[in-house]
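Enquirer: Pasting coords_22.pdb below, which is PDB, C-alpha atoms.
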```
ATOM      1  CA  ARG A 671     -20.218 -17.439  44.104  1.00  0.00           C
ATOM      2  CA  ARG A 672     -18.403 -14.108  44.565  1.00  0.00           C
ATOM      3  CA  LEU A 673     -21.432 -12.164  43.310  1.00  0.00           C
ATOM      4  CA  LEU A 674     -23.747 -13.931  45.762  1.00  0.00           C
ATOM      5  CA  ALA A 675     -21.348 -13.280  48.637  1.00  0.00           C
ATOM      6  CA  ASP A 676     -20.565  -9.648  47.750  1.00  0.00           C
ATOM      7  CA  GLU A 677     -24.002  -8.504  46.618  1.00  0.00           C
ATOM      8  CA  LEU A 678     -26.328 -10.582  48.762  1.00  0.00           C
ATOM      9  CA  GLY A 679     -24.249 -11.853  51.650  1.00  0.00           C
ATOM     10  CA  LEU A 680     -25.148 -15.444  50.722  1.00  0.00           C
ATOM     11  CA  GLU A 681     -22.751 -18.347  50.996  1.00  0.00           C
ATOM     12  CA  PRO A 682     -23.280 -21.856  49.628  1.00  0.00           C
ATOM     13  CA  THR A 683     -24.317 -24.399  52.228  1.00  0.00           C
ATOM     14  CA  PRO A 684     -21.863 -27.069  53.390  1.00  0.00           C
ATOM     15  CA  ALA A 685     -23.802 -29.670  51.382  1.00  0.00           C
ATOM     16  CA  LEU A 686     -23.480 -27.583  48.197  1.00  0.00           C
ATOM     17  CA  ARG A 687     -19.758 -26.993  48.788  1.00  0.00           C
ATOM     18  CA  GLN A 688     -19.287 -30.745  49.253  1.00  0.00           C
ATOM     19  CA  LEU A 689     -21.155 -31.455  45.995  1.00  0.00           C
ATOM     20  CA  GLU A 690     -19.012 -28.887  44.162  1.00  0.00           C
ATOM     21  CA  GLN A 691     -15.866 -30.581  45.464  1.00  0.00           C
ATOM     22  CA  GLN A 692     -17.139 -34.001  44.380  1.00  0.00           C
ATOM     23  CA  ILE A 693     -17.881 -32.673  40.891  1.00  0.00           C
ATOM     24  CA  LEU A 694     -14.451 -31.068  40.555  1.00  0.00           C
ATOM     25  CA  LEU A 695     -12.745 -34.280  41.680  1.00  0.00           C
ATOM     26  CA  GLN A 696     -15.050 -36.428  39.503  1.00  0.00           C
ATOM     27  CA  SER A 697     -15.943 -38.431  42.563  1.00  0.00           C
ATOM     28  CA  PRO A 698     -17.147 -42.001  41.951  1.00  0.00           C
ATOM     29  CA  GLU A 699     -20.033 -41.374  44.393  1.00  0.00           C
ATOM     30  CA  LEU A 700     -21.688 -39.303  41.662  1.00  0.00           C
ATOM     31  CA  ASP A 701     -21.917 -42.204  39.163  1.00  0.00           C
ATOM     32  CA  GLY A 702     -25.520 -42.939  40.149  1.00  0.00           C
ATOM     33  CA  SER A 703     -24.975 -45.845  42.513  1.00  0.00           C
ATOM     34  CA  PRO A 704     -24.850 -44.409  46.018  1.00  0.00           C
ATOM     35  CA  SER A 705     -22.807 -46.500  48.415  1.00  0.00           C
ATOM     36  CA  GLU A 706     -23.935 -44.728  51.584  1.00  0.00           C
ATOM     37  CA  PRO A 707     -26.762 -42.420  52.563  1.00  0.00           C
ATOM     38  CA  PRO A 708     -26.132 -38.689  52.044  1.00  0.00           C
ATOM     39  CA  ALA A 709     -24.897 -36.698  55.017  1.00  0.00           C
ATOM     40  CA  ALA A 710     -27.535 -34.890  57.055  1.00  0.00           C
ATOM     41  CA  MET A 711     -28.121 -31.344  55.854  1.00  0.00           C
ATOM     42  CA  ASP A 712     -26.857 -28.420  57.842  1.00  0.00           C
ATOM     43  CA  GLN A 713     -29.514 -26.804  60.031  1.00  0.00           C
ATOM     44  CA  THR A 714     -28.878 -23.364  58.507  1.00  0.00           C
ATOM     45  CA  GLU A 715     -29.959 -23.063  54.886  1.00  0.00           C
ATOM     46  CA  THR A 716     -30.657 -20.234  52.471  1.00  0.00           C
ATOM     47  CA  GLU A 717     -34.430 -20.036  52.152  1.00  0.00           C
ATOM     48  CA  THR A 718     -36.998 -17.747  50.536  1.00  0.00           C
ATOM     49  CA  PHE A 719     -39.824 -16.515  52.739  1.00  0.00           C
ATOM     50  CA  LEU A 720     -43.202 -14.981  51.943  1.00  0.00           C
ATOM     51  CA  PHE A 721     -44.886 -13.225  54.878  1.00  0.00           C
ATOM     52  CA  THR A 722     -48.427 -11.873  54.875  1.00  0.00           C
ATOM     53  CA  ASP A 723     -50.434  -9.670  57.201  1.00  0.00           C
ATOM     54  CA  ILE A 724     -54.058  -8.563  57.036  1.00  0.00           C
ATOM     55  CA  GLU A 725     -54.342  -4.792  57.075  1.00  0.00           C
ATOM     56  CA  ALA A 726     -56.519  -3.428  59.927  1.00  0.00           C
ATOM     57  CA  SER A 727     -57.106  -6.918  61.340  1.00  0.00           C
ATOM     58  CA  THR A 728     -57.581  -5.654  64.904  1.00  0.00           C
ATOM     59  CA  ARG A 729     -60.343  -3.293  63.776  1.00  0.00           C
ATOM     60  CA  ARG A 730     -61.966  -6.129  61.807  1.00  0.00           C
ATOM     61  CA  TRP A 731     -61.859  -8.442  64.869  1.00  0.00           C
ATOM     62  CA  GLU A 732     -63.387  -5.758  67.089  1.00  0.00           C
ATOM     63  CA  GLY A 733     -66.060  -4.926  64.511  1.00  0.00           C
ATOM     64  CA  ASP A 734     -67.404  -8.416  63.734  1.00  0.00           C
ATOM     65  CA  GLN A 735     -65.612 -11.437  65.172  1.00  0.00           C
ATOM     66  CA  ASP A 736     -67.679 -14.004  63.264  1.00  0.00           C
ATOM     67  CA  ALA A 737     -67.065 -12.305  59.912  1.00  0.00           C
ATOM     68  CA  MET A 738     -63.346 -11.919  60.660  1.00  0.00           C
ATOM     69  CA  ALA A 739     -63.038 -15.574  61.662  1.00  0.00           C
ATOM     70  CA  ARG A 740     -64.611 -16.631  58.333  1.00  0.00           C
ATOM     71  CA  ASP A 741     -62.453 -14.154  56.395  1.00  0.00           C
ATOM     72  CA  LEU A 742     -59.286 -15.294  58.163  1.00  0.00           C
ATOM     73  CA  GLY A 743     -60.045 -18.926  57.308  1.00  0.00           C
ATOM     74  CA  ARG A 744     -60.611 -18.000  53.676  1.00  0.00           C
ATOM     75  CA  HIS A 745     -57.403 -15.884  53.673  1.00  0.00           C
ATOM     76  CA  ASP A 746     -55.372 -18.789  55.085  1.00  0.00           C
ATOM     77  CA  ASP A 747     -56.815 -21.233  52.551  1.00  0.00           C
ATOM     78  CA  LEU A 748     -56.218 -18.959  49.541  1.00  0.00           C
ATOM     79  CA  LEU A 749     -52.639 -18.227  50.530  1.00  0.00           C
ATOM     80  CA  ARG A 750     -51.859 -21.840  51.396  1.00  0.00           C
ATOM     81  CA  ARG A 751     -53.047 -22.857  47.920  1.00  0.00           C
ATOM     82  CA  ALA A 752     -50.967 -20.125  46.245  1.00  0.00           C
ATOM     83  CA  VAL A 753     -47.817 -21.091  48.170  1.00  0.00           C
ATOM     84  CA  GLU A 754     -48.301 -24.821  47.536  1.00  0.00           C
ATOM     85  CA  ALA A 755     -48.950 -24.199  43.813  1.00  0.00           C
ATOM     86  CA  ALA A 756     -45.539 -22.479  43.719  1.00  0.00           C
ATOM     87  CA  GLY A 757     -43.897 -25.539  45.277  1.00  0.00           C
ATOM     88  CA  GLY A 758     -43.712 -24.159  48.804  1.00  0.00           C
ATOM     89  CA  HIS A 759     -45.443 -24.762  52.101  1.00  0.00           C
ATOM     90  CA  VAL A 760     -47.000 -22.664  54.844  1.00  0.00           C
ATOM     91  CA  PHE A 761     -45.131 -23.100  58.109  1.00  0.00           C
ATOM     92  CA  SER A 762     -47.067 -20.711  60.349  1.00  0.00           C
ATOM     93  CA  HIS A 763     -50.784 -20.220  60.949  1.00  0.00           C
ATOM     94  CA  THR A 764     -50.347 -16.511  60.188  1.00  0.00           C
ATOM     95  CA  GLY A 765     -49.784 -17.143  56.481  1.00  0.00           C
ATOM     96  CA  ASP A 766     -45.997 -17.255  56.579  1.00  0.00           C
ATOM     97  CA  GLY A 767     -44.772 -19.381  53.723  1.00  0.00           C
ATOM     98  CA  LEU A 768     -41.551 -20.871  52.484  1.00  0.00           C
ATOM     99  CA  CYS A 769     -40.915 -21.251  48.757  1.00  0.00           C
ATOM    100  CA  PRO A 770     -38.184 -23.127  46.886  1.00  0.00           C
ATOM    101  CA  THR A 771     -36.978 -20.018  45.007  1.00  0.00           C
ATOM    102  CA  ALA A 772     -37.423 -16.261  45.119  1.00  0.00           C
ATOM    103  CA  SER A 773     -39.271 -16.289  41.796  1.00  0.00           C
ATOM    104  CA  ALA A 774     -41.633 -18.976  43.168  1.00  0.00           C
ATOM    105  CA  ALA A 775     -42.275 -16.819  46.246  1.00  0.00           C
ATOM    106  CA  LEU A 776     -43.078 -13.830  44.036  1.00  0.00           C
ATOM    107  CA  ALA A 777     -45.393 -15.984  41.906  1.00  0.00           C
ATOM    108  CA  ALA A 778     -47.144 -17.209  45.083  1.00  0.00           C
ATOM    109  CA  ALA A 779     -47.501 -13.651  46.390  1.00  0.00           C
ATOM    110  CA  LEU A 780     -48.985 -12.423  43.123  1.00  0.00           C
ATOM    111  CA  ALA A 781     -51.350 -15.404  42.847  1.00  0.00           C
ATOM    112  CA  GLY A 782     -52.359 -14.835  46.471  1.00  0.00           C
ATOM    113  CA  GLN A 783     -53.063 -11.138  45.912  1.00  0.00           C
ATOM    114  CA  GLN A 784     -55.106 -11.924  42.786  1.00  0.00           C
ATOM    115  CA  ALA A 785     -57.115 -14.583  44.623  1.00  0.00           C
ATOM    116  CA  LEU A 786     -57.729 -12.184  47.521  1.00  0.00           C
ATOM    117  CA  LEU A 787     -58.980  -9.501  45.119  1.00  0.00           C
ATOM    118  CA  ALA A 788     -61.363 -11.941  43.431  1.00  0.00           C
ATOM    119  CA  THR A 789     -62.951 -13.138  46.680  1.00  0.00           C
ATOM    120  CA  GLU A 790     -66.130 -11.962  48.372  1.00  0.00           C
ATOM    121  CA  TRP A 791     -65.566 -11.345  52.075  1.00  0.00           C
ATOM    122  CA  ALA A 792     -67.884 -11.749  55.045  1.00  0.00           C
ATOM    123  CA  GLY A 793     -66.750  -8.437  56.551  1.00  0.00           C
ATOM    124  CA  THR A 794     -68.004  -5.047  55.422  1.00  0.00           C
ATOM    125  CA  ALA A 795     -64.837  -4.270  53.437  1.00  0.00           C
ATOM    126  CA  PRO A 796     -62.555  -6.347  51.206  1.00  0.00           C
ATOM    127  CA  LEU A 797     -59.619  -8.004  52.929  1.00  0.00           C
ATOM    128  CA  ARG A 798     -56.392  -6.192  52.101  1.00  0.00           C
ATOM    129  CA  VAL A 799     -53.137  -8.037  52.738  1.00  0.00           C
ATOM    130  CA  ARG A 800     -49.588  -6.709  52.847  1.00  0.00           C
ATOM    131  CA  MET A 801     -46.858  -9.127  51.746  1.00  0.00           C
ATOM    132  CA  ALA A 802     -43.076  -9.358  51.715  1.00  0.00           C
ATOM    133  CA  VAL A 803     -40.578 -11.685  50.051  1.00  0.00           C
ATOM    134  CA  HIS A 804     -37.009 -12.043  51.329  1.00  0.00           C
ATOM    135  CA  ALA A 805     -34.267 -14.648  50.976  1.00  0.00           C
ATOM    136  CA  GLY A 806     -31.424 -15.480  53.313  1.00  0.00           C
ATOM    137  CA  ALA A 807     -30.028 -17.977  55.765  1.00  0.00           C
ATOM    138  CA  ALA A 808     -32.465 -19.329  58.330  1.00  0.00           C
ATOM    139  CA  GLU A 809     -32.220 -21.936  61.024  1.00  0.00           C
ATOM    140  CA  ARG A 810     -34.671 -24.827  61.062  1.00  0.00           C
ATOM    141  CA  GLY A 811     -35.932 -26.404  64.228  1.00  0.00           C
ATOM    142  CA  GLY A 812     -39.127 -27.569  65.852  1.00  0.00           C
ATOM    143  CA  GLY A 813     -41.070 -27.395  62.588  1.00  0.00           C
ATOM    144  CA  THR A 814     -40.411 -23.680  62.126  1.00  0.00           C
ATOM    145  CA  TYR A 815     -37.669 -21.247  61.162  1.00  0.00           C
ATOM    146  CA  GLN A 816     -35.801 -18.574  63.072  1.00  0.00           C
ATOM    147  CA  GLY A 817     -33.039 -16.029  62.700  1.00  0.00           C
ATOM    148  CA  PRO A 818     -32.341 -12.566  61.331  1.00  0.00           C
ATOM    149  CA  THR A 819     -33.739 -13.398  57.886  1.00  0.00           C
ATOM    150  CA  LEU A 820     -37.211 -13.841  59.355  1.00  0.00           C
ATOM    151  CA  ASN A 821     -36.864 -10.592  61.298  1.00  0.00           C
ATOM    152  CA  ARG A 822     -35.929  -8.777  58.084  1.00  0.00           C
ATOM    153  CA  THR A 823     -38.873 -10.334  56.245  1.00  0.00           C
ATOM    154  CA  ALA A 824     -41.253  -9.220  59.001  1.00  0.00           C
ATOM    155  CA  ARG A 825     -39.842  -5.674  58.953  1.00  0.00           C
ATOM    156  CA  LEU A 826     -40.213  -5.478  55.192  1.00  0.00           C
ATOM    157  CA  GLN A 827     -43.784  -6.783  55.405  1.00  0.00           C
ATOM    158  CA  ALA A 828     -44.623  -4.100  57.989  1.00  0.00           C
ATOM    159  CA  LEU A 829     -43.611  -1.431  55.454  1.00  0.00           C
ATOM    160  CA  ALA A 830     -46.026  -2.707  52.797  1.00  0.00           C
ATOM    161  CA  ALA A 831     -49.523  -1.364  52.290  1.00  0.00           C
ATOM    162  CA  GLY A 832     -52.554  -3.603  51.881  1.00  0.00           C
ATOM    163  CA  GLY A 833     -52.527  -5.134  48.416  1.00  0.00           C
ATOM    164  CA  GLN A 834     -48.793  -4.559  48.015  1.00  0.00           C
ATOM    165  CA  VAL A 835     -45.936  -7.063  47.712  1.00  0.00           C
ATOM    166  CA  LEU A 836     -42.505  -5.791  48.754  1.00  0.00           C
ATOM    167  CA  CYS A 837     -39.448  -7.734  47.664  1.00  0.00           C
ATOM    168  CA  SER A 838     -36.037  -7.357  49.304  1.00  0.00           C
ATOM    169  CA  GLN A 839     -32.948  -6.648  47.226  1.00  0.00           C
ATOM    170  CA  ALA A 840     -31.683 -10.164  48.020  1.00  0.00           C
ATOM    171  CA  ALA A 841     -34.858 -11.804  46.691  1.00  0.00           C
ATOM    172  CA  ALA A 842     -34.969  -9.414  43.724  1.00  0.00           C
ATOM    173  CA  GLU A 843     -31.442 -10.372  42.666  1.00  0.00           C
ATOM    174  CA  LEU A 844     -32.214 -14.078  42.985  1.00  0.00           C
ATOM    175  CA  SER A 845     -35.390 -13.791  40.901  1.00  0.00           C
ATOM    176  CA  ARG A 846     -34.455 -11.076  38.398  1.00  0.00           C
ATOM    177  CA  ASP A 847     -33.945 -13.513  35.487  1.00  0.00           C
ATOM    178  CA  ARG A 848     -36.989 -15.652  36.354  1.00  0.00           C
ATOM    179  CA  LEU A 849     -39.758 -13.216  37.150  1.00  0.00           C
ATOM    180  CA  PRO A 850     -43.322 -14.412  36.608  1.00  0.00           C
ATOM    181  CA  ALA A 851     -44.754 -13.394  33.220  1.00  0.00           C
ATOM    182  CA  GLY A 852     -45.781  -9.751  33.076  1.00  0.00           C
ATOM    183  CA  VAL A 853     -44.040  -8.832  36.343  1.00  0.00           C
ATOM    184  CA  THR A 854     -41.642  -5.925  36.695  1.00  0.00           C
ATOM    185  CA  LEU A 855     -39.834  -5.016  39.889  1.00  0.00           C
ATOM    186  CA  LEU A 856     -39.888  -1.336  40.858  1.00  0.00           C
ATOM    187  CA  ASP A 857     -37.066   0.096  42.947  1.00  0.00           C
ATOM    188  CA  LEU A 858     -38.667   1.832  45.937  1.00  0.00           C
TER     189      LEU A 858
END
```
Give the structure from this file in structure tokens form.
Expert:
Amino acid sequence: RRLLADELGLEPTPALRQLEQQILLQSPELDGSPSEPPAAMDQTETETFLFTDIEASTRRWEGDQDAMARDLGRHDDLLRRAVEAAGGHVFSHTGDGLCPTASAALAAALAGQQALLATEWAGTAPLRVRMAVHAGAAERGGGTYQGPTLNRTARLQALAAGGQVLCSQAAAELSRDRLPAGVTLLDL
């Protein structure tokens, strides 16, 4: 707990703290026969986000709108499949995804990049997508997420080049022991 707080600025959620307390006290509620429904979860949770952005999308739209519309649909479908295969879901039409763990988000990003590379595109050039993975507290509401964590993810994604996946230090620490096979993180 101290390492997460000191290194990553992450704190356990109220629900997790309550569970820890119940375990320490050997609470009878944990014997498998729930007597009352669980308390509603706090609206702020630690989440792992995967953001994507198509490189030179404005130029592609101005060059051939029909081709870009087809390519965007294919992009969205490929990334939705990659995120869902990793146990996550896409929460924004722009390809922003939420994954259950940082290692799942990295796996989704890599699968997405591989699928994008293997696809034929309607436009004159291959679609290149920049991606970022970051983990932190985010507020849920109205079917979407908000807060500084999303801002940080967007800033990190803006630094990436097409075909690149950038991973924040927070997400790297959370996934270090569970990286997808053959993956190594490089300190930039």
Enquirer: For each of A:Leu820, A:Leu836, A:Ala778, A:Ala755, take the minimum atom-to-atom distance to Ala808 of chain A, counting all atoms listed in the file, then give the residue where this is smallest.
Expert: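 Ranked by minimum distance to Ala808 of chain A, first place goes to A:Leu820.
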Enquirer: Which residues match the PyMOL selection byres ((chain A and resi 831) around 12) in the file above, as a PyMOL selection string?
Expert: chain A and resi 722-726+798-802+826-830+832-836
Enquirer: For atom CA of Asp847 of chain A and atom CA of Thr823 of chain A, quote the distance in Å rounded to one decimal.
Expert: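 Those two atoms sit 21.6 Å apart.
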Enquirer: Compile the contact shell of Asp747 of chain A as number ranges by chain: residues with an atom at most 12 Å away, counting only C-alpha atoms, same-chain residues fewer than 2 positions apart removed.
Expert: A: 740-745, 749-754, 759-760, 763-765, 782, 785-786, 789
Enquirer: Within 12 Å of (-37.8, -5.9, 38.8) in the file's own coordinates, which protein, DNA or RNA residues have an atom, counting all atoms listed in the file? List them as a list of chain:residue names.
Expert: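 All residues meeting the 12 Å criterion around (-37.8, -5.9, 38.8) are A:Ser773, A:Leu776, A:Leu836, A:Cys837, A:Ser838, A:Gln839, A:Ala840, A:Ala841, A:Ala842, A:Glu843, A:Leu844, A:Ser845, A:Arg846, A:Asp847, A:Arg848, A:Leu849, A:Pro850, A:Ala851, A:Gly852, A:Val853, A:Thr854, A:Leu855, A:Leu856, A:Asp857, A:Leu858.
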Enquirer: One decimal, in Å: what's the spacing between atom CA of Glu717 of chain A and atom CA of Arg825 of chain A?
Expert: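 These atoms are spaced 16.8 Å apart.
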Enquirer: Filtering to N, CA, C and O atoms, could segment 763-781 of chain A of the supplied structure be written out as a PDB file, in the first residue's frame?
Expert:
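Wrote it out as result_25.pdb, contents follow:
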```pdb
ATOM      1  N   HIS A 763     -16.379   7.326 -28.729  1.00  0.00           N
ATOM      2  CA  HIS A 763     -16.331   7.030 -30.160  1.00  0.00           C
ATOM      3  C   HIS A 763     -14.966   7.296 -30.766  1.00  0.00           C
ATOM      4  O   HIS A 763     -14.686   6.881 -31.871  1.00  0.00           O
ATOM      5  N   THR A 764     -14.073   7.969 -30.048  1.00  0.00           N
ATOM      6  CA  THR A 764     -12.755   8.276 -30.596  1.00  0.00           C
ATOM      7  C   THR A 764     -11.744   7.164 -30.355  1.00  0.00           C
ATOM      8  O   THR A 764     -10.570   7.334 -30.608  1.00  0.00           O
ATOM      9  N   GLY A 765     -12.187   6.030 -29.830  1.00  0.00           N
ATOM     10  CA  GLY A 765     -11.264   4.921 -29.602  1.00  0.00           C
ATOM     11  C   GLY A 765     -10.693   4.898 -28.208  1.00  0.00           C
ATOM     12  O   GLY A 765      -9.753   4.153 -27.931  1.00  0.00           O
ATOM     13  N   ASP A 766     -11.245   5.691 -27.298  1.00  0.00           N
ATOM     14  CA  ASP A 766     -10.757   5.688 -25.926  1.00  0.00           C
ATOM     15  C   ASP A 766     -11.312   4.469 -25.211  1.00  0.00           C
ATOM     16  O   ASP A 766     -12.521   4.245 -25.194  1.00  0.00           O
ATOM     17  N   GLY A 767     -10.428   3.685 -24.636  1.00  0.00           N
ATOM     18  CA  GLY A 767     -10.844   2.459 -23.991  1.00  0.00           C
ATOM     19  C   GLY A 767     -10.452   2.406 -22.535  1.00  0.00           C
ATOM     20  O   GLY A 767      -9.565   3.123 -22.074  1.00  0.00           O
ATOM     21  N   LEU A 768     -11.131   1.544 -21.817  1.00  0.00           N
ATOM     22  CA  LEU A 768     -10.894   1.305 -20.413  1.00  0.00           C
ATOM     23  C   LEU A 768     -10.603  -0.175 -20.260  1.00  0.00           C
ATOM     24  O   LEU A 768     -11.353  -1.002 -20.789  1.00  0.00           O
ATOM     25  N   CYS A 769      -9.533  -0.528 -19.577  1.00  0.00           N
ATOM     26  CA  CYS A 769      -9.169  -1.928 -19.410  1.00  0.00           C
ATOM     27  C   CYS A 769      -9.081  -2.259 -17.924  1.00  0.00           C
ATOM     28  O   CYS A 769      -8.816  -1.375 -17.105  1.00  0.00           O
ATOM     29  N   PRO A 770      -9.278  -3.535 -17.573  1.00  0.00           N
ATOM     30  CA  PRO A 770      -9.299  -3.903 -16.161  1.00  0.00           C
ATOM     31  C   PRO A 770      -7.952  -3.762 -15.460  1.00  0.00           C
ATOM     32  O   PRO A 770      -7.902  -3.550 -14.263  1.00  0.00           O
ATOM     33  N   THR A 771      -6.847  -3.886 -16.202  1.00  0.00           N
ATOM     34  CA  THR A 771      -5.513  -3.752 -15.618  1.00  0.00           C
ATOM     35  C   THR A 771      -4.602  -3.040 -16.609  1.00  0.00           C
ATOM     36  O   THR A 771      -4.901  -2.959 -17.803  1.00  0.00           O
ATOM     37  N   ALA A 772      -3.474  -2.566 -16.105  1.00  0.00           N
ATOM     38  CA  ALA A 772      -2.502  -1.913 -16.985  1.00  0.00           C
ATOM     39  C   ALA A 772      -1.921  -2.903 -17.987  1.00  0.00           C
ATOM     40  O   ALA A 772      -1.729  -2.568 -19.154  1.00  0.00           O
ATOM     41  N   SER A 773      -1.664  -4.134 -17.560  1.00  0.00           N
ATOM     42  CA  SER A 773      -1.119  -5.114 -18.501  1.00  0.00           C
ATOM     43  C   SER A 773      -2.159  -5.465 -19.572  1.00  0.00           C
ATOM     44  O   SER A 773      -1.800  -5.692 -20.733  1.00  0.00           O
ATOM     45  N   ALA A 774      -3.436  -5.474 -19.216  1.00  0.00           N
ATOM     46  CA  ALA A 774      -4.487  -5.716 -20.225  1.00  0.00           C
ATOM     47  C   ALA A 774      -4.547  -4.559 -21.214  1.00  0.00           C
ATOM     48  O   ALA A 774      -4.733  -4.769 -22.414  1.00  0.00           O
ATOM     49  N   ALA A 775      -4.383  -3.334 -20.729  1.00  0.00           N
ATOM     50  CA  ALA A 775      -4.389  -2.170 -21.622  1.00  0.00           C
ATOM     51  C   ALA A 775      -3.207  -2.231 -22.586  1.00  0.00           C
ATOM     52  O   ALA A 775      -3.357  -1.922 -23.774  1.00  0.00           O
ATOM     53  N   LEU A 776      -2.041  -2.614 -22.082  1.00  0.00           N
ATOM     54  CA  LEU A 776      -0.878  -2.750 -22.963  1.00  0.00           C
ATOM     55  C   LEU A 776      -1.104  -3.856 -23.991  1.00  0.00           C
ATOM     56  O   LEU A 776      -0.776  -3.689 -25.175  1.00  0.00           O
ATOM     57  N   ALA A 777      -1.682  -4.973 -23.561  1.00  0.00           N
ATOM     58  CA  ALA A 777      -1.975  -6.064 -24.497  1.00  0.00           C
ATOM     59  C   ALA A 777      -2.961  -5.588 -25.572  1.00  0.00           C
ATOM     60  O   ALA A 777      -2.793  -5.898 -26.752  1.00  0.00           O
ATOM     61  N   ALA A 778      -3.980  -4.820 -25.169  1.00  0.00           N
ATOM     62  CA  ALA A 778      -4.950  -4.298 -26.135  1.00  0.00           C
ATOM     63  C   ALA A 778      -4.280  -3.335 -27.104  1.00  0.00           C
ATOM     64  O   ALA A 778      -4.556  -3.375 -28.312  1.00  0.00           O
ATOM     65  N   ALA A 779      -3.406  -2.472 -26.594  1.00  0.00           N
ATOM     66  CA  ALA A 779      -2.710  -1.520 -27.464  1.00  0.00           C
ATOM     67  C   ALA A 779      -1.844  -2.253 -28.483  1.00  0.00           C
ATOM     68  O   ALA A 779      -1.849  -1.913 -29.672  1.00  0.00           O
ATOM     69  N   LEU A 780      -1.106  -3.246 -28.026  1.00  0.00           N
ATOM     70  CA  LEU A 780      -0.242  -3.991 -28.943  1.00  0.00           C
ATOM     71  C   LEU A 780      -1.061  -4.771 -29.976  1.00  0.00           C
ATOM     72  O   LEU A 780      -0.729  -4.775 -31.157  1.00  0.00           O
ATOM     73  N   ALA A 781      -2.136  -5.417 -29.526  1.00  0.00           N
ATOM     74  CA  ALA A 781      -3.002  -6.140 -30.467  1.00  0.00           C
ATOM     75  C   ALA A 781      -3.619  -5.171 -31.464  1.00  0.00           C
ATOM     76  O   ALA A 781      -3.725  -5.472 -32.663  1.00  0.00           O
TER      77      ALA A 781
END
```
